[in-house]
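Worksheet: the structure to be examined is printed underneath.
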Amino acid sequence: MRFLFTLLLSSASLLSFAQGLNYSPARQLVRLDLGMTIFSDIDKVGGYAGAAYEYSFMNHFGADVHLNTSLHHPTDYIGNHASRWGVGLNLIGRLYGLKSPYDVKFTAGARYGSHFYTELEEQNGVIVAVDGERRSGFYPVLGAGYEQRLGDWLLTLEFNVAFESNVQTFTSLAIGTGYRF
């Protein structure tokens with residue numbers, strides 16, 4: 001009796017392990033993010049929104065294409081105004097892989113984007129732009145994130161840093177939701 005019980009238990013363990021090896025998770029993901037960006041050139045925080053399409057070509061590696069935008073406006077019209085947009089490509093490395101219900105991922109890539117800021121002041125009852133700049137080009141992006149999968153849906157927490165120059169970085173922290181298919 002003891003031998004039969006041991007045989008059944010080991011067979012069940014072996015079959016469930018083999019079934020886990022054959023499990024093939026969805027490799028594509030569409031994700032929407034909302035969060036905040038720190039504008040280092042004006043030392044202000046603004047809103048952030050992003051959308052991404054991700055394809056995992058291996059269990060621990062993938063790539064994504066993303067589009068994002070962020071902006072800052074003061075409560076009254078006077079002060080610093082800033083806006084950014086970018087489109088880019090990231091390579092993704094996953095710590096636990098697609099089969100895990102949670103994951104930590106690291107991203108590295110490049111983004112093409114544009115940044116605009118202006119400073120407005122009121123002089124003699126007239127609002128005047130006293131400073132401003134517009135820049136665009138390619139820049140590197142590094143990031144890290146956490147994913148919690150809920151079936152085909154997932155919740156994400158993303159942290160990205162865009163290095164526009166030696167002194168200007170744009171740090172984003174966003175919470176998102178996505179769907180794997």
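Here, A, B, ... name the chains of the structure tokens in the order displayed, residue numbers run from 1 inside each chain, and ligands are numbered from 1 in the same displayed order.
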Residues within 8 Å of Asp41 (chain A), only C-alpha atoms, excluding chain neighbours under 2 positions, as a list in words: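 Using only C-alpha atoms, the neighbours found are Phe39, Asp43 and Gln168 of chain A.
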Skip region 148-162 of chain A itself and residues of its chain fewer than 6 positions away, then list as a count of residues only all residues within 8 Å of it, counting only C-alpha atoms. 21
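As for CA of Tyr48 (chain A) and CA of Arg84 (chain A), they are spaced 9.3 Å apart.
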If you run DSSP over the backbone, which residues in chain A end up alpha helix (DSSP H)? Put them as a PyMOL selection string. chain A and resi 2-22
Using N, CA and C atoms, can you export the residues from the last selection as an mmCIF file, in the first residue's frame?
```cif
data_model
loop_
_atom_site.group_PDB
_atom_site.id
_atom_site.type_symbol
_atom_site.label_atom_id
_atom_site.label_comp_id
_atom_site.auth_asym_id
_atom_site.auth_seq_id
_atom_site.Cartn_x
_atom_site.Cartn_y
_atom_site.Cartn_z
ATOM 1 N N ARG A 2 1.896 1.246 0.822
ATOM 2 C CA ARG A 2 2.794 2.394 0.887
ATOM 3 C C ARG A 2 3.487 2.592 -0.458
ATOM 4 N N PHE A 3 3.901 1.510 -1.117
ATOM 5 C CA PHE A 3 4.558 1.584 -2.419
ATOM 6 C C PHE A 3 3.610 2.172 -3.462
ATOM 7 N N LEU A 4 2.345 1.742 -3.452
ATOM 8 C CA LEU A 4 1.366 2.236 -4.409
ATOM 9 C C LEU A 4 1.125 3.741 -4.215
ATOM 10 N N PHE A 5 1.023 4.171 -2.963
ATOM 11 C CA PHE A 5 0.842 5.592 -2.658
ATOM 12 C C PHE A 5 2.036 6.410 -3.144
ATOM 13 N N THR A 6 3.250 5.922 -2.902
ATOM 14 C CA THR A 6 4.464 6.607 -3.356
ATOM 15 C C THR A 6 4.513 6.666 -4.874
ATOM 16 N N LEU A 7 4.137 5.598 -5.533
ATOM 17 C CA LEU A 7 4.133 5.548 -6.993
ATOM 18 C C LEU A 7 3.125 6.553 -7.563
ATOM 19 N N LEU A 8 1.923 6.609 -6.996
ATOM 20 C CA LEU A 8 0.913 7.558 -7.465
ATOM 21 C C LEU A 8 1.341 9.007 -7.235
ATOM 22 N N LEU A 9 1.898 9.277 -6.076
ATOM 23 C CA LEU A 9 2.349 10.632 -5.764
ATOM 24 C C LEU A 9 3.472 11.080 -6.690
ATOM 25 N N SER A 10 4.440 10.204 -6.938
ATOM 26 C CA SER A 10 5.544 10.573 -7.835
ATOM 27 C C SER A 10 5.059 10.711 -9.268
ATOM 28 N N SER A 11 4.085 9.899 -9.687
ATOM 29 C CA SER A 11 3.528 10.030 -11.039
ATOM 30 C C SER A 11 2.803 11.360 -11.190
ATOM 31 N N ALA A 12 2.027 11.732 -10.179
ATOM 32 C CA ALA A 12 1.314 13.012 -10.238
ATOM 33 C C ALA A 12 2.291 14.177 -10.281
ATOM 34 N N SER A 13 3.353 14.102 -9.495
ATOM 35 C CA SER A 13 4.355 15.166 -9.505
ATOM 36 C C SER A 13 5.040 15.254 -10.852
ATOM 37 N N LEU A 14 5.390 14.107 -11.419
ATOM 38 C CA LEU A 14 6.061 14.079 -12.711
ATOM 39 C C LEU A 14 5.146 14.620 -13.802
ATOM 40 N N LEU A 15 3.872 14.220 -13.782
ATOM 41 C CA LEU A 15 2.939 14.692 -14.804
ATOM 42 C C LEU A 15 2.682 16.193 -14.684
ATOM 43 N N SER A 16 2.546 16.708 -13.477
ATOM 44 C CA SER A 16 2.308 18.146 -13.323
ATOM 45 C C SER A 16 3.540 18.949 -13.721
ATOM 46 N N PHE A 17 4.740 18.434 -13.451
ATOM 47 C CA PHE A 17 5.966 19.111 -13.871
ATOM 48 C C PHE A 17 6.060 19.130 -15.388
ATOM 49 N N ALA A 18 5.748 18.009 -16.024
ATOM 50 C CA ALA A 18 5.806 17.939 -17.487
ATOM 51 C C ALA A 18 4.761 18.856 -18.106
ATOM 52 N N GLN A 19 3.593 18.943 -17.490
ATOM 53 C CA GLN A 19 2.569 19.832 -17.997
ATOM 54 C C GLN A 19 3.030 21.288 -17.906
ATOM 55 N N GLY A 20 3.747 21.639 -16.851
ATOM 56 C CA GLY A 20 4.283 22.984 -16.716
ATOM 57 C C GLY A 20 5.317 23.296 -17.780
ATOM 58 N N LEU A 21 6.094 22.290 -18.183
ATOM 59 C CA LEU A 21 7.081 22.506 -19.237
ATOM 60 C C LEU A 21 6.418 22.749 -20.583
ATOM 61 N N ASN A 22 5.251 22.163 -20.799
ATOM 62 C CA ASN A 22 4.551 22.322 -22.072
ATOM 63 C C ASN A 22 3.701 23.583 -22.117
#
```
Pick out the closest residue to Ile78 (chain A) from this set: A:Tyr146, A:Glu122, A:Leu34, A:Leu29. Count only C-alpha atoms.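 For Ile78 (chain A), the nearest of the given residues is A:Glu122.
Straight-line separation from CA of Gln123 (chain A) to CA of Leu71 (chain A): 24.8 Å.
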Strand (DSSP E) positions in region 53-97 of chain A, given as a PyMOL selection string: chain A and resi 53-55+61-72+79-94
Written selection (N, CA and C atoms) as a PDB file, in the first residue's frame:
```pdb
ATOM      1  N   TYR A  53       3.560  48.151 -27.253  1.00  0.00           N
ATOM      2  CA  TYR A  53       3.315  46.814 -27.796  1.00  0.00           C
ATOM      3  C   TYR A  53       4.589  46.020 -27.557  1.00  0.00           C
ATOM      4  N   GLU A  54       4.465  44.883 -26.919  1.00  0.00           N
ATOM      5  CA  GLU A  54       5.628  44.059 -26.573  1.00  0.00           C
ATOM      6  C   GLU A  54       5.495  42.680 -27.206  1.00  0.00           C
ATOM      7  N   TYR A  55       6.609  42.161 -27.688  1.00  0.00           N
ATOM      8  CA  TYR A  55       6.654  40.785 -28.177  1.00  0.00           C
ATOM      9  C   TYR A  55       7.823  40.083 -27.494  1.00  0.00           C
ATOM     10  N   PHE A  61      13.408  37.004 -22.696  1.00  0.00           N
ATOM     11  CA  PHE A  61      13.831  38.149 -23.505  1.00  0.00           C
ATOM     12  C   PHE A  61      12.721  38.576 -24.455  1.00  0.00           C
ATOM     13  N   GLY A  62      12.674  39.874 -24.729  1.00  0.00           N
ATOM     14  CA  GLY A  62      11.680  40.409 -25.640  1.00  0.00           C
ATOM     15  C   GLY A  62      12.059  41.805 -26.089  1.00  0.00           C
ATOM     16  N   ALA A  63      11.131  42.439 -26.776  1.00  0.00           N
ATOM     17  CA  ALA A  63      11.330  43.813 -27.249  1.00  0.00           C
ATOM     18  C   ALA A  63       9.983  44.520 -27.218  1.00  0.00           C
ATOM     19  N   ASP A  64      10.010  45.828 -27.080  1.00  0.00           N
ATOM     20  CA  ASP A  64       8.760  46.582 -27.157  1.00  0.00           C
ATOM     21  C   ASP A  64       8.947  47.858 -27.964  1.00  0.00           C
ATOM     22  N   VAL A  65       7.856  48.305 -28.528  1.00  0.00           N
ATOM     23  CA  VAL A  65       7.768  49.583 -29.216  1.00  0.00           C
ATOM     24  C   VAL A  65       6.817  50.425 -28.381  1.00  0.00           C
ATOM     25  N   HIS A  66       7.216  51.636 -28.074  1.00  0.00           N
ATOM     26  CA  HIS A  66       6.383  52.445 -27.190  1.00  0.00           C
ATOM     27  C   HIS A  66       6.257  53.881 -27.697  1.00  0.00           C
ATOM     28  N   LEU A  67       5.185  54.494 -27.292  1.00  0.00           N
ATOM     29  CA  LEU A  67       4.890  55.893 -27.574  1.00  0.00           C
ATOM     30  C   LEU A  67       4.491  56.520 -26.248  1.00  0.00           C
ATOM     31  N   ASN A  68       5.096  57.658 -25.913  1.00  0.00           N
ATOM     32  CA  ASN A  68       4.756  58.289 -24.635  1.00  0.00           C
ATOM     33  C   ASN A  68       4.764  59.807 -24.761  1.00  0.00           C
ATOM     34  N   THR A  69       4.093  60.412 -23.817  1.00  0.00           N
ATOM     35  CA  THR A  69       4.041  61.867 -23.761  1.00  0.00           C
ATOM     36  C   THR A  69       3.956  62.298 -22.302  1.00  0.00           C
ATOM     37  N   SER A  70       4.438  63.471 -22.017  1.00  0.00           N
ATOM     38  CA  SER A  70       4.338  64.022 -20.664  1.00  0.00           C
ATOM     39  C   SER A  70       4.284  65.542 -20.769  1.00  0.00           C
ATOM     40  N   LEU A  71       3.680  66.159 -19.752  1.00  0.00           N
ATOM     41  CA  LEU A  71       3.602  67.616 -19.777  1.00  0.00           C
ATOM     42  C   LEU A  71       3.472  68.167 -18.374  1.00  0.00           C
ATOM     43  N   HIS A  72       3.877  69.430 -18.244  1.00  0.00           N
ATOM     44  CA  HIS A  72       3.750  70.169 -16.991  1.00  0.00           C
ATOM     45  C   HIS A  72       3.233  71.561 -17.315  1.00  0.00           C
ATOM     46  N   GLY A  79       4.637  80.961 -15.269  1.00  0.00           N
ATOM     47  CA  GLY A  79       5.588  79.964 -14.791  1.00  0.00           C
ATOM     48  C   GLY A  79       6.150  79.120 -15.918  1.00  0.00           C
ATOM     49  N   ASN A  80       6.676  77.955 -15.551  1.00  0.00           N
ATOM     50  CA  ASN A  80       7.304  77.054 -16.516  1.00  0.00           C
ATOM     51  C   ASN A  80       6.280  76.096 -17.116  1.00  0.00           C
ATOM     52  N   HIS A  81       6.297  75.997 -18.424  1.00  0.00           N
ATOM     53  CA  HIS A  81       5.475  75.043 -19.166  1.00  0.00           C
ATOM     54  C   HIS A  81       6.436  74.103 -19.886  1.00  0.00           C
ATOM     55  N   ALA A  82       6.146  72.821 -19.868  1.00  0.00           N
ATOM     56  CA  ALA A  82       7.019  71.867 -20.548  1.00  0.00           C
ATOM     57  C   ALA A  82       6.184  70.731 -21.122  1.00  0.00           C
ATOM     58  N   SER A  83       6.618  70.213 -22.251  1.00  0.00           N
ATOM     59  CA  SER A  83       5.969  69.040 -22.837  1.00  0.00           C
ATOM     60  C   SER A  83       7.016  68.213 -23.567  1.00  0.00           C
ATOM     61  N   ARG A  84       6.780  66.902 -23.582  1.00  0.00           N
ATOM     62  CA  ARG A  84       7.679  65.954 -24.249  1.00  0.00           C
ATOM     63  C   ARG A  84       6.843  64.889 -24.930  1.00  0.00           C
ATOM     64  N   TRP A  85       7.368  64.340 -25.984  1.00  0.00           N
ATOM     65  CA  TRP A  85       6.807  63.129 -26.559  1.00  0.00           C
ATOM     66  C   TRP A  85       7.967  62.301 -27.073  1.00  0.00           C
ATOM     67  N   GLY A  86       7.763  61.014 -27.197  1.00  0.00           N
ATOM     68  CA  GLY A  86       8.819  60.151 -27.699  1.00  0.00           C
ATOM     69  C   GLY A  86       8.258  58.845 -28.227  1.00  0.00           C
ATOM     70  N   VAL A  87       8.973  58.271 -29.151  1.00  0.00           N
ATOM     71  CA  VAL A  87       8.657  56.945 -29.675  1.00  0.00           C
ATOM     72  C   VAL A  87       9.967  56.173 -29.691  1.00  0.00           C
ATOM     73  N   GLY A  88       9.946  54.922 -29.276  1.00  0.00           N
ATOM     74  CA  GLY A  88      11.208  54.207 -29.173  1.00  0.00           C
ATOM     75  C   GLY A  88      11.072  52.707 -29.191  1.00  0.00           C
ATOM     76  N   LEU A  89      12.214  52.069 -29.064  1.00  0.00           N
ATOM     77  CA  LEU A  89      12.337  50.617 -29.087  1.00  0.00           C
ATOM     78  C   LEU A  89      13.210  50.199 -27.918  1.00  0.00           C
ATOM     79  N   ASN A  90      12.744  49.225 -27.148  1.00  0.00           N
ATOM     80  CA  ASN A  90      13.494  48.703 -26.005  1.00  0.00           C
ATOM     81  C   ASN A  90      13.732  47.215 -26.161  1.00  0.00           C
ATOM     82  N   LEU A  91      14.869  46.751 -25.676  1.00  0.00           N
ATOM     83  CA  LEU A  91      15.105  45.327 -25.467  1.00  0.00           C
ATOM     84  C   LEU A  91      14.789  45.030 -24.015  1.00  0.00           C
ATOM     85  N   ILE A  92      14.191  43.867 -23.753  1.00  0.00           N
ATOM     86  CA  ILE A  92      13.699  43.530 -22.422  1.00  0.00           C
ATOM     87  C   ILE A  92      14.354  42.247 -21.941  1.00  0.00           C
ATOM     88  N   GLY A  93      14.834  42.266 -20.714  1.00  0.00           N
ATOM     89  CA  GLY A  93      15.317  41.067 -20.034  1.00  0.00           C
ATOM     90  C   GLY A  93      14.448  40.808 -18.821  1.00  0.00           C
ATOM     91  N   ARG A  94      13.986  39.579 -18.666  1.00  0.00           N
ATOM     92  CA  ARG A  94      13.085  39.215 -17.566  1.00  0.00           C
ATOM     93  C   ARG A  94      13.813  38.338 -16.568  1.00  0.00           C
TER      94      ARG A  94
END
```
One decimal, in Å: what's the spacing between CA of Thr37 (chain A) and CA of Gly97 (chain A)?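 It comes out at 28.1 Å.
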Name the residues in contact with region 129-137 of chain A at a cut-off of 7 Å, using only C-alpha atoms, excluding same-chain residues fewer than 3 positions from it; report them as a list in words.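 The residues that qualify are Tyr112, Gly113, Ser114, His115, Phe116, Tyr117, Thr118, Glu119, Leu120 and Glu121 of chain A.
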Using only C-alpha atoms, which of A:Arg111, A:Lys105, A:Tyr96, A:Val126 sits nearest Tyr77 (chain A)? A:Val126
Which is closest to Thr75 (chain A) among A:Glu164, A:Asn59, A:Gly46, A:Ala110, if we use only C-alpha atoms? A:Gly46
From A:Pro74, A:Phe163, A:Gly145, A:Leu95, residue lying nearest Asp33 (chain A) [only C-alpha atoms]: A:Gly145
Pick from A:His60, A:Ile42, A:Ala52, A:Phe138: nearest to Phe106 (chain A), with only C-alpha atoms counted? A:His60
